[in-house]
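Student: This is work.tsv, which holds TSV, C-alpha atoms:
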```tsv
chain	number	residue	atom	x	y	z
A	1	MET	CA	121.77	80.45	81.76
A	2	ARG	CA	122.94	83.58	83.58
A	3	ALA	CA	121.73	84.57	87.05
A	4	ALA	CA	122.52	87.21	89.69
A	5	GLN	CA	123.62	85.44	92.86
A	6	ILE	CA	125.21	85.82	96.27
A	7	GLY	CA	127.38	83.23	98.02
A	8	HIS	CA	126.92	84.55	101.57
A	9	TYR	CA	125.24	87.30	103.58
A	10	GLU	CA	127.09	90.54	104.23
A	11	LYS	CA	125.70	93.01	106.80
A	12	ASP	CA	127.24	96.11	105.23
A	13	THR	CA	125.02	97.14	102.31
A	14	THR	CA	127.80	98.58	100.15
A	15	THR	CA	129.97	95.49	100.59
A	16	ALA	CA	126.99	93.18	100.04
A	17	ILE	CA	126.11	94.88	96.75
A	18	SER	CA	129.73	94.72	95.56
A	19	GLU	CA	129.71	90.94	96.08
A	20	VAL	CA	126.62	90.23	93.96
A	21	GLU	CA	127.82	88.40	90.86
A	22	VAL	CA	126.34	87.16	87.61
A	23	HIS	CA	127.11	83.46	87.15
A	24	GLU	CA	126.45	80.78	84.56
A	25	THR	CA	124.07	78.31	86.18
A	26	PRO	CA	122.15	75.23	85.03
A	27	LEU	CA	118.77	75.85	83.44
A	28	PRO	CA	116.11	75.19	86.10
A	29	GLU	CA	113.72	72.31	85.51
A	30	ALA	CA	109.97	72.67	85.34
A	31	GLY	CA	109.18	70.09	88.00
A	32	THR	CA	105.77	68.80	88.95
A	33	GLY	CA	103.47	71.77	89.37
A	34	ASP	CA	106.05	74.21	87.99
A	35	VAL	CA	106.20	76.46	84.96
A	36	LEU	CA	109.52	77.40	83.36
A	37	VAL	CA	109.42	81.12	82.56
A	38	ARG	CA	111.79	82.93	80.20
A	39	VAL	CA	112.24	86.13	82.19
A	40	LYS	CA	111.76	89.37	80.24
A	41	ALA	CA	111.86	91.79	83.17
A	42	ALA	CA	112.48	91.58	86.92
A	43	ALA	CA	111.94	94.31	89.48
A	44	VAL	CA	114.63	95.20	92.02
A	45	ASN	CA	113.20	96.02	95.44
A	46	PRO	CA	114.34	96.91	98.96
A	47	LEU	CA	113.62	93.23	99.64
A	48	GLU	CA	116.72	92.37	97.59
A	49	ILE	CA	118.79	94.60	99.87
A	50	LEU	CA	117.35	92.83	102.91
A	51	THR	CA	118.13	89.48	101.31
A	52	ILE	CA	121.80	90.16	100.57
A	53	THR	CA	122.41	91.70	104.00
A	54	GLY	CA	120.69	88.84	105.84
A	55	GLY	CA	117.81	91.05	106.93
A	56	VAL	CA	115.22	88.34	106.27
A	57	LYS	CA	117.35	85.44	107.48
A	58	LEU	CA	115.17	84.82	110.54
A	59	ILE	CA	112.09	84.61	108.30
A	60	GLN	CA	113.78	82.73	105.45
A	61	ASP	CA	117.39	81.55	105.53
A	62	TYR	CA	118.62	80.62	102.05
A	63	PRO	CA	121.07	77.87	101.16
A	64	MET	CA	123.98	79.39	99.25
A	65	PRO	CA	124.50	80.33	96.54
A	66	VAL	CA	121.06	81.84	96.02
A	67	THR	CA	119.69	83.52	92.91
A	68	LEU	CA	118.16	86.89	93.76
A	69	GLY	CA	114.87	88.42	92.64
A	70	ASN	CA	111.31	88.28	93.93
A	71	GLU	CA	109.06	89.49	91.10
A	72	LEU	CA	109.18	88.91	87.38
A	73	ALA	CA	107.33	89.07	84.09
A	74	GLY	CA	108.06	86.81	81.15
A	75	VAL	CA	106.95	84.15	78.71
A	76	VAL	CA	106.08	80.53	79.48
A	77	GLU	CA	108.81	78.32	78.03
A	78	GLN	CA	107.76	74.93	79.37
A	79	VAL	CA	104.98	73.51	81.55
A	80	GLY	CA	105.67	70.81	84.12
A	81	SER	CA	103.50	67.78	84.80
A	82	GLY	CA	100.27	68.39	86.66
A	83	VAL	CA	99.97	71.97	85.41
A	84	SER	CA	96.90	73.24	83.60
A	85	GLY	CA	95.91	76.72	82.52
A	86	PHE	CA	99.30	77.74	81.13
A	87	GLU	CA	100.88	77.04	77.74
A	88	PRO	CA	104.20	77.90	76.10
A	89	GLY	CA	104.08	81.46	74.78
A	90	ASP	CA	101.75	82.79	77.50
A	91	ARG	CA	102.76	86.15	78.97
A	92	VAL	CA	102.81	85.72	82.78
A	93	TYR	CA	104.02	87.42	85.93
A	94	ALA	CA	104.52	86.51	89.59
A	95	ARG	CA	105.86	87.22	93.01
A	96	THR	CA	108.13	84.22	93.49
A	97	PRO	CA	107.59	82.10	96.63
A	98	ILE	CA	109.49	83.25	99.72
A	99	ASP	CA	111.61	80.10	99.75
A	100	ARG	CA	112.18	80.13	95.98
A	101	PRO	CA	113.43	83.49	94.72
A	102	GLY	CA	115.23	83.59	91.39
A	103	ALA	CA	113.60	86.31	89.30
A	104	LEU	CA	116.97	87.92	88.45
A	105	ALA	CA	117.91	85.21	85.97
A	106	GLU	CA	117.29	84.43	82.32
A	107	TYR	CA	114.91	81.62	83.31
A	108	ALA	CA	112.96	80.84	86.47
A	109	ALA	CA	110.98	77.78	87.50
A	110	VAL	CA	107.89	79.13	89.24
A	111	PRO	CA	105.08	77.13	90.87
A	112	ALA	CA	102.00	77.43	88.70
A	113	ASP	CA	99.93	78.51	91.69
A	114	ALA	CA	102.13	81.61	92.06
A	115	LEU	CA	101.66	82.72	88.44
A	116	ALA	CA	98.98	84.84	86.78
A	117	PRO	CA	98.48	86.06	83.21
A	118	MET	CA	99.95	89.52	82.66
A	119	PRO	CA	97.43	92.34	82.34
A	120	GLU	CA	96.74	93.15	78.70
A	121	GLY	CA	98.17	96.41	77.43
A	122	TYR	CA	101.13	96.41	79.83
A	123	ASP	CA	104.72	95.79	78.78
A	124	PHE	CA	107.00	93.40	80.64
A	125	ALA	CA	108.76	96.14	82.62
A	126	GLU	CA	105.47	97.60	83.83
A	127	ALA	CA	104.07	94.18	84.69
A	128	ALA	CA	107.17	93.18	86.67
A	129	THR	CA	106.54	96.03	89.11
A	130	ILE	CA	103.02	94.93	90.08
A	131	PRO	CA	103.09	91.56	91.94
A	132	LEU	CA	104.99	92.47	95.12
A	133	THR	CA	103.17	95.71	95.92
A	134	GLY	CA	99.83	94.50	94.58
A	135	LEU	CA	99.86	91.33	96.66
A	136	THR	CA	101.12	93.21	99.72
A	137	ALA	CA	98.15	95.57	99.53
A	138	TRP	CA	95.66	92.76	98.86
A	139	GLN	CA	96.92	90.60	101.71
A	140	ALA	CA	97.07	93.59	104.06
A	141	PHE	CA	93.46	94.58	103.44
A	142	ILE	CA	91.89	91.13	103.01
A	143	GLU	CA	93.93	88.58	104.98
A	144	ILE	CA	95.17	90.59	107.94
A	145	LEU	CA	92.96	93.65	108.44
A	146	ALA	CA	89.73	92.11	107.05
A	147	VAL	CA	88.51	95.57	106.03
A	148	LYS	CA	84.88	96.47	105.42
A	149	PRO	CA	83.42	99.04	103.00
A	150	GLY	CA	83.08	102.44	104.62
A	151	GLN	CA	86.13	102.07	106.84
A	152	SER	CA	89.18	104.31	106.54
A	153	VAL	CA	92.92	103.84	106.10
A	154	LEU	CA	95.93	106.15	106.37
A	155	ILE	CA	99.10	105.32	104.41
A	156	PRO	CA	101.97	107.52	105.66
A	157	GLY	CA	104.65	107.72	103.01
A	158	GLY	CA	102.18	106.28	100.53
A	159	SER	CA	103.29	108.24	97.47
A	160	GLY	CA	105.74	105.55	96.31
A	161	SER	CA	105.31	102.22	94.56
A	162	PHE	CA	103.29	100.66	97.36
A	163	GLY	CA	100.85	103.55	97.59
A	164	ARG	CA	100.29	103.58	93.85
A	165	MET	CA	98.97	100.01	94.11
A	166	ALA	CA	97.39	100.21	97.56
A	167	VAL	CA	95.20	103.24	96.82
A	168	PRO	CA	93.23	101.75	93.89
A	169	ILE	CA	92.89	98.41	95.69
A	170	ALA	CA	91.62	100.18	98.82
A	171	LYS	CA	89.09	102.15	96.77
A	172	GLU	CA	87.95	98.97	95.05
A	173	LEU	CA	87.26	97.56	98.52
A	174	GLY	CA	85.21	100.62	99.47
A	175	LEU	CA	87.66	102.31	101.85
A	176	GLU	CA	88.23	105.99	102.50
A	177	VAL	CA	91.92	106.58	101.82
A	178	VAL	CA	94.28	109.23	103.24
A	179	VAL	CA	97.88	109.40	101.99
A	180	THR	CA	100.89	111.46	103.05
A	181	GLY	CA	103.81	112.15	100.74
A	182	GLY	CA	105.69	114.73	98.73
A	183	GLU	CA	103.88	117.43	96.80
A	184	ARG	CA	105.18	116.08	93.47
A	185	ALA	CA	103.00	112.95	93.74
A	186	ARG	CA	99.80	114.69	94.89
A	187	GLU	CA	97.89	114.78	91.60
A	188	GLU	CA	98.82	111.23	90.65
A	189	ILE	CA	97.76	109.76	94.00
A	190	LEU	CA	94.50	111.72	94.00
A	191	ALA	CA	93.83	110.55	90.43
A	192	LEU	CA	94.21	106.96	91.66
A	193	GLY	CA	91.32	107.59	94.05
A	194	ALA	CA	92.79	108.87	97.33
A	195	ASP	CA	90.22	110.94	99.22
A	196	ARG	CA	92.80	113.16	100.90
A	197	TYR	CA	96.47	113.87	100.37
A	198	LEU	CA	98.77	115.60	102.88
A	199	ASP	CA	102.10	117.10	101.89
A	200	TYR	CA	104.31	115.90	104.74
A	201	ARG	CA	106.46	119.02	104.51
A	202	LYS	CA	103.51	121.30	105.24
A	203	GLU	CA	101.10	119.29	107.36
A	204	ASP	CA	101.65	116.78	110.17
A	205	TYR	CA	98.98	114.08	109.94
A	206	TRP	CA	99.16	113.42	113.70
A	207	ARG	CA	98.31	117.08	114.37
A	208	SER	CA	95.43	117.12	111.90
A	209	ASP	CA	91.81	116.05	112.35
A	210	ILE	CA	92.49	112.59	110.91
A	211	MET	CA	91.16	109.55	112.77
A	212	VAL	CA	91.13	106.27	110.86
A	213	ASP	CA	90.31	102.60	111.35
A	214	TYR	CA	93.65	101.43	109.98
A	215	VAL	CA	97.17	102.62	109.30
A	216	ILE	CA	99.47	100.82	106.89
A	217	ASP	CA	102.98	101.84	107.89
A	218	ALA	CA	105.54	102.21	105.10
A	219	LEU	CA	108.00	104.28	107.17
A	220	GLY	CA	109.20	102.05	110.01
A	221	PRO	CA	109.26	101.86	113.84
A	222	GLY	CA	110.20	105.52	114.31
A	223	GLU	CA	106.72	106.50	113.21
A	224	PHE	CA	104.86	104.04	115.45
A	225	ASP	CA	103.63	106.39	118.21
A	226	ARG	CA	102.39	109.00	115.75
A	227	GLU	CA	100.61	106.41	113.63
A	228	LEU	CA	99.03	104.78	116.65
A	229	SER	CA	97.68	108.14	117.83
A	230	VAL	CA	95.41	108.58	114.78
A	231	ILE	CA	93.81	105.13	114.95
A	232	LYS	CA	90.33	104.72	116.39
A	233	PRO	CA	89.87	102.27	119.30
A	234	GLY	CA	89.34	98.83	117.82
A	235	GLY	CA	91.51	99.67	114.83
A	236	ALA	CA	94.89	98.34	113.75
A	237	LEU	CA	98.37	99.38	112.63
A	238	LEU	CA	99.93	97.08	110.05
A	239	SER	CA	103.61	97.66	109.29
A	240	LEU	CA	105.53	96.88	106.12
A	241	ARG	CA	108.85	97.99	107.64
A	242	GLY	CA	108.46	97.54	111.37
A	243	VAL	CA	109.20	94.70	113.77
A	244	PRO	CA	107.74	91.19	113.31
A	245	ASN	CA	105.54	90.14	116.23
A	246	LYS	CA	103.74	87.13	117.69
A	247	ALA	CA	100.74	87.34	115.35
A	248	PHE	CA	103.04	87.44	112.33
A	249	ALA	CA	105.10	84.45	113.50
A	250	LYS	CA	101.96	82.42	114.15
A	251	ARG	CA	100.47	83.32	110.76
A	252	MET	CA	103.73	82.32	109.02
A	253	ARG	CA	103.80	79.03	110.96
A	254	LEU	CA	107.37	79.62	112.02
A	255	PRO	CA	109.15	77.16	114.34
A	256	PHE	CA	108.72	77.54	118.08
A	257	LEU	CA	112.05	79.30	118.69
A	258	LYS	CA	111.38	81.90	115.99
A	259	ARG	CA	107.86	82.43	117.34
A	260	ALA	CA	109.34	83.08	120.76
A	261	LEU	CA	111.93	85.46	119.34
A	262	PHE	CA	109.43	87.49	117.31
A	263	SER	CA	106.97	87.50	120.23
A	264	LEU	CA	109.67	89.11	122.35
A	265	ALA	CA	110.78	91.52	119.61
A	266	GLY	CA	107.27	92.76	118.96
A	267	SER	CA	106.03	92.76	122.55
A	268	LYS	CA	106.62	96.51	123.05
A	269	PHE	CA	104.52	97.37	120.00
A	270	ASP	CA	101.84	94.81	120.81
A	271	GLY	CA	101.62	96.10	124.37
A	272	LYS	CA	101.35	99.77	123.41
A	273	ALA	CA	98.65	99.05	120.87
A	274	ARG	CA	96.72	96.81	123.28
A	275	SER	CA	96.81	99.46	126.01
A	276	GLU	CA	94.83	101.73	123.66
A	277	ALA	CA	92.41	98.99	122.55
A	278	LYS	CA	94.17	98.76	119.19
A	279	ARG	CA	96.16	96.08	117.36
A	280	TYR	CA	99.65	95.93	115.88
A	281	ASP	CA	100.79	93.52	113.15
A	282	PHE	CA	103.53	93.00	110.58
A	283	ILE	CA	103.31	91.72	107.00
A	284	PHE	CA	105.70	89.83	104.76
A	285	VAL	CA	104.01	89.20	101.43
A	286	HIS	CA	103.65	85.65	100.10
A	287	ALA	CA	103.13	84.32	96.58
A	288	ASP	CA	99.56	83.63	95.45
A	289	GLY	CA	98.56	83.41	91.80
A	290	GLU	CA	94.82	83.53	92.48
A	291	GLN	CA	95.17	86.72	94.51
A	292	LEU	CA	97.38	88.16	91.77
A	293	ARG	CA	94.57	87.55	89.28
A	294	ARG	CA	92.28	89.61	91.51
A	295	VAL	CA	94.89	92.36	91.65
A	296	THR	CA	95.20	92.17	87.85
A	297	ASP	CA	91.46	92.74	87.47
A	298	ILE	CA	91.67	95.89	89.61
A	299	VAL	CA	94.76	97.15	87.77
A	300	LYS	CA	92.98	96.79	84.42
A	301	ARG	CA	89.62	98.14	85.59
A	302	ARG	CA	91.15	101.22	87.19
A	303	GLU	CA	93.80	101.64	84.48
A	304	VAL	CA	96.64	101.74	86.99
A	305	LYS	CA	99.95	102.56	85.34
A	306	PRO	CA	102.94	101.54	87.48
A	307	SER	CA	105.77	104.02	87.83
A	308	VAL	CA	108.96	102.57	86.33
A	309	ASP	CA	112.32	104.25	86.93
A	310	PRO	CA	113.76	105.49	83.61
A	311	HIS	CA	117.23	104.00	84.14
A	312	GLU	CA	117.86	101.12	81.72
A	313	PHE	CA	119.48	98.14	83.43
A	314	GLY	CA	120.47	94.74	82.07
A	315	LEU	CA	121.51	91.78	84.19
A	316	ASP	CA	125.18	92.84	84.01
A	317	ASP	CA	124.13	96.14	85.63
A	318	ILE	CA	122.63	94.46	88.69
A	319	ARG	CA	125.03	96.15	91.13
A	320	GLU	CA	124.12	99.59	89.76
A	321	ALA	CA	120.44	98.71	90.00
A	322	LEU	CA	120.85	97.63	93.62
A	323	LYS	CA	122.78	100.82	94.45
A	324	LEU	CA	119.95	102.90	93.01
A	325	VAL	CA	117.42	101.04	95.16
A	326	ALA	CA	119.60	101.28	98.27
A	327	ASP	CA	120.38	104.98	98.23
A	328	GLY	CA	119.74	106.54	94.83
A	329	HIS	CA	116.15	107.77	95.25
A	330	PRO	CA	114.71	106.05	92.16
A	331	SER	CA	111.80	107.63	90.29
A	332	GLY	CA	109.59	104.53	90.41
A	333	LYS	CA	110.37	100.83	90.52
A	334	VAL	CA	113.81	99.80	89.31
A	335	VAL	CA	113.64	97.12	86.64
A	336	VAL	CA	116.22	94.81	85.06
A	337	ARG	CA	115.31	93.98	81.46
A	338	PHE	CA	116.36	90.79	79.66
```
Represent the structure contained in this file as C-alpha cells.
Tutor:
Amino acid sequence: MRAAQIGHYEKDTTTAISEVEVHETPLPEAGTGDVLVRVKAAAVNPLEILTITGGVKLIQDYPMPVTLGNELAGVVEQVGSGVSGFEPGDRVYARTPIDRPGALAEYAAVPADALAPMPEGYDFAEAATIPLTGLTAWQAFIEILAVKPGQSVLIPGGSGSFGRMAVPIAKELGLEVVVTGGERAREEILALGADRYLDYRKEDYWRSDIMVDYVIDALGPGEFDRELSVIKPGGALLSLRGVPNKAFAKRMRLPFLKRALFSLAGSKFDGKARSEAKRYDFIFVHADGEQLRRVTDIVKRREVKPSVDPHEFGLDDIREALKLVADGHPSGKVVVRF
C-alpha cells in the first residue's frame, strides 16, 4: 500500500514539508483488538506540522519512518481477533492513538476502541474532519474542566474548525458560549448556538463586559494575560496551543523527567493563574471511540456540518496539502481523499 511518511524530524517547516514522501509499505495487520480500515479520507491538521518538525517529540517521539495522519474516515476491511461491534463494510471514523498515527495511508490498523461508526448522512471527507476537534472539545469540557450547566466559556479565535465543533458541544452541555473571530464566520457560529460573537477587528474581548468561568485558548501563549483577565475567580484557562504544564504531564502519565520538564515550562502560567485564584491547563487530545460516539450523537442531533476546504488533494498531493495548512489560510479543514 502507499503511505505518506517522514524519515526524520526537521525543525524548519518548509524543509520538513519538502521531505515528506509517499512510499510503498507493507499492508498493516489487524492484530488482536484492531480493525483494518480502508481509508477513504484523512484530514490534514496543524498537528501534522508539529509532528514533522518534532514539535510533539517530548510528548510522543516516533520511531522512524513514521506514517503521518491523525484522523480518518473509511470502510472496515478486516476485523482482528477479540473485536466485536464492527464488520467488514462498516463506515467508520477515528482519531488515531497518539502513539499510532497512520491515517495518511491507503489502509490503517486502528484499535477498535478508538473507532466509532460514521454519522449517517455525512460523506467521508466531512466525517474525517470531526474526530480531532470533536474529541478535543469533549475532553476539554468533560475530562479537564468538568463543566456544569449554566456556566460560561469564552473561545478566542473560535471561528475555525475547533470552534465549529466546540460550540454545539458546549451548548449540548448547557454552557453559555462567547466566541471571537472574523466577521465572515459570525452568522455560522451564531447558528451553531453561540450566545455572543465578537468581531476581533472591532471589539476587544478583554475590554468588554465579559467575565466567564472558562476560557479555551486557541491562539497561544501571547494571549494568556488577556484571557486570564476575563476569567472569574475559581475558573480555568485551558490551552490548545500553549505550554504543557505539571497537570498535563501528570494526566498523560509521562515519565518523571518529562514531568519535571513540563512542570518547569508551565510554572510561569501556573503561578500567574494561581495568584488570581484561577487554574491553567493544557490539552493534547487522545483517541477514544466511546467519546467519539457521544460526539457523533451531538453532531447528528444538532445537524453540524463541518467546513471542508474546497481544494481537492490526493495522497500524491500531500506536500501541497501540508503547505496549505502551514501558511495558506485554508477555508475549512484540509482533506486528502483516497
Student: For a quick check of understanding, using all atoms listed in the file, which of A:Glu71, A:Asp12, A:Glu172, A:Glu227 has the smallest distance to Ala125 (chain A)?
Tutor: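 Counting all atoms listed in the file, the residue closest to Ala125 (chain A) is A:Glu71.
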Student: Nearest to Lys323 (chain A) among A:Asp297, A:Arg2, A:Val20, A:Leu154, with distances taken over all atoms listed in the file: which residue is it?
Tutor: A:Val20
Student: Report as a list in words all protein, DNA and RNA residues lying within 7 Å of region 312-314 of chain A, evaluated on all atoms listed in the file, omitting residues in the same chain fewer than 6 positions from it.
Tutor: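 Selected residues are Ala321, Val335, Val336, Arg337 and Phe338 of chain A.
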Student: Nearest to Thr51 (chain A) among A:Thr133, A:Val39, A:Ile98, A:His23, with distances taken over only C-alpha atoms: which residue is it?
Tutor: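 Closest candidate: A:Ile98.
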Student: Kindly indicate which residue among A:Pro101, A:Pro156, A:Gly55, A:Gly193 lies nearest to Thr67 (chain A), using all atoms listed in the file for the distances.
Tutor: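 Going through A:Pro101, A:Pro156, A:Gly55, A:Gly193 one by one, the smallest distance to Thr67 (chain A) is for A:Pro101.
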Student: If you count only C-alpha atoms, which residues fall within 8 Å of region 237-244 of chain A, apart from same-chain ones fewer than 3 positions away, as an mmCIF file with C-alpha atoms, in the frame of the given file?
Tutor:
```cif
data_model
loop_
_atom_site.group_PDB
_atom_site.id
_atom_site.type_symbol
_atom_site.label_atom_id
_atom_site.label_comp_id
_atom_site.auth_asym_id
_atom_site.auth_seq_id
_atom_site.Cartn_x
_atom_site.Cartn_y
_atom_site.Cartn_z
ATOM 1 C CA ALA A 140 97.070 93.590 104.060
ATOM 2 C CA LEU A 145 92.960 93.650 108.440
ATOM 3 C CA TYR A 214 93.650 101.430 109.980
ATOM 4 C CA VAL A 215 97.170 102.620 109.300
ATOM 5 C CA ILE A 216 99.470 100.820 106.890
ATOM 6 C CA ASP A 217 102.980 101.840 107.890
ATOM 7 C CA ALA A 218 105.540 102.210 105.100
ATOM 8 C CA LEU A 219 108.000 104.280 107.170
ATOM 9 C CA GLY A 220 109.200 102.050 110.010
ATOM 10 C CA PRO A 221 109.260 101.860 113.840
ATOM 11 C CA GLU A 227 100.610 106.410 113.630
ATOM 12 C CA LEU A 228 99.030 104.780 116.650
ATOM 13 C CA ILE A 231 93.810 105.130 114.950
ATOM 14 C CA PHE A 248 103.040 87.440 112.330
ATOM 15 C CA ALA A 249 105.100 84.450 113.500
ATOM 16 C CA PHE A 262 109.430 87.490 117.310
ATOM 17 C CA SER A 263 106.970 87.500 120.230
ATOM 18 C CA ALA A 265 110.780 91.520 119.610
ATOM 19 C CA GLY A 266 107.270 92.760 118.960
ATOM 20 C CA LYS A 278 94.170 98.760 119.190
ATOM 21 C CA ARG A 279 96.160 96.080 117.360
ATOM 22 C CA TYR A 280 99.650 95.930 115.880
ATOM 23 C CA ASP A 281 100.790 93.520 113.150
ATOM 24 C CA PHE A 282 103.530 93.000 110.580
ATOM 25 C CA ILE A 283 103.310 91.720 107.000
ATOM 26 C CA PHE A 284 105.700 89.830 104.760
#
```
Student: Here is a test: counting only C-alpha atoms, which residue of A:Gln60, A:Asn70, A:Thr15, A:Ser81 is nearest to Ile130 (chain A)?
Tutor: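 Going through A:Gln60, A:Asn70, A:Thr15, A:Ser81 one by one, the smallest distance to Ile130 (chain A) is for A:Asn70.
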Student: For Leu115 (chain A), which residue among A:Pro149, A:Pro65, A:Gly82, A:Pro131 is the nearest when counting all atoms listed in the file?
Tutor: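 For Leu115 (chain A), the nearest of the given residues is A:Pro131.
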Student: What is the CA of Gly174 (chain A) to CA of Lys202 (chain A) distance in Å?
Tutor: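 CA of Lys202 (chain A) lies at a distance of 28.2 Å from CA of Gly174 (chain A).
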Student: Provide the CA of Thr13 (chain A) to CA of Ala105 (chain A) distance in Å, to one decimal place.
Tutor: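 So the answer is 21.4 Å.
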Student: Need to verify the contact set: Pro233 (chain A), 9 Å, only C-alpha atoms, exclusion of same-chain residues closer than 4 positions in sequence. Can you return it as an MDAnalysis selection string?
Tutor: chainID A and resid 213 276:278
Student: Between CA of Asp316 (chain A) and CA of Gly102 (chain A), what is the distance, to one decimal in Å?
Tutor: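 If I compute the distance from CA of Asp316 (chain A) to CA of Gly102 (chain A), I get 15.5 Å.
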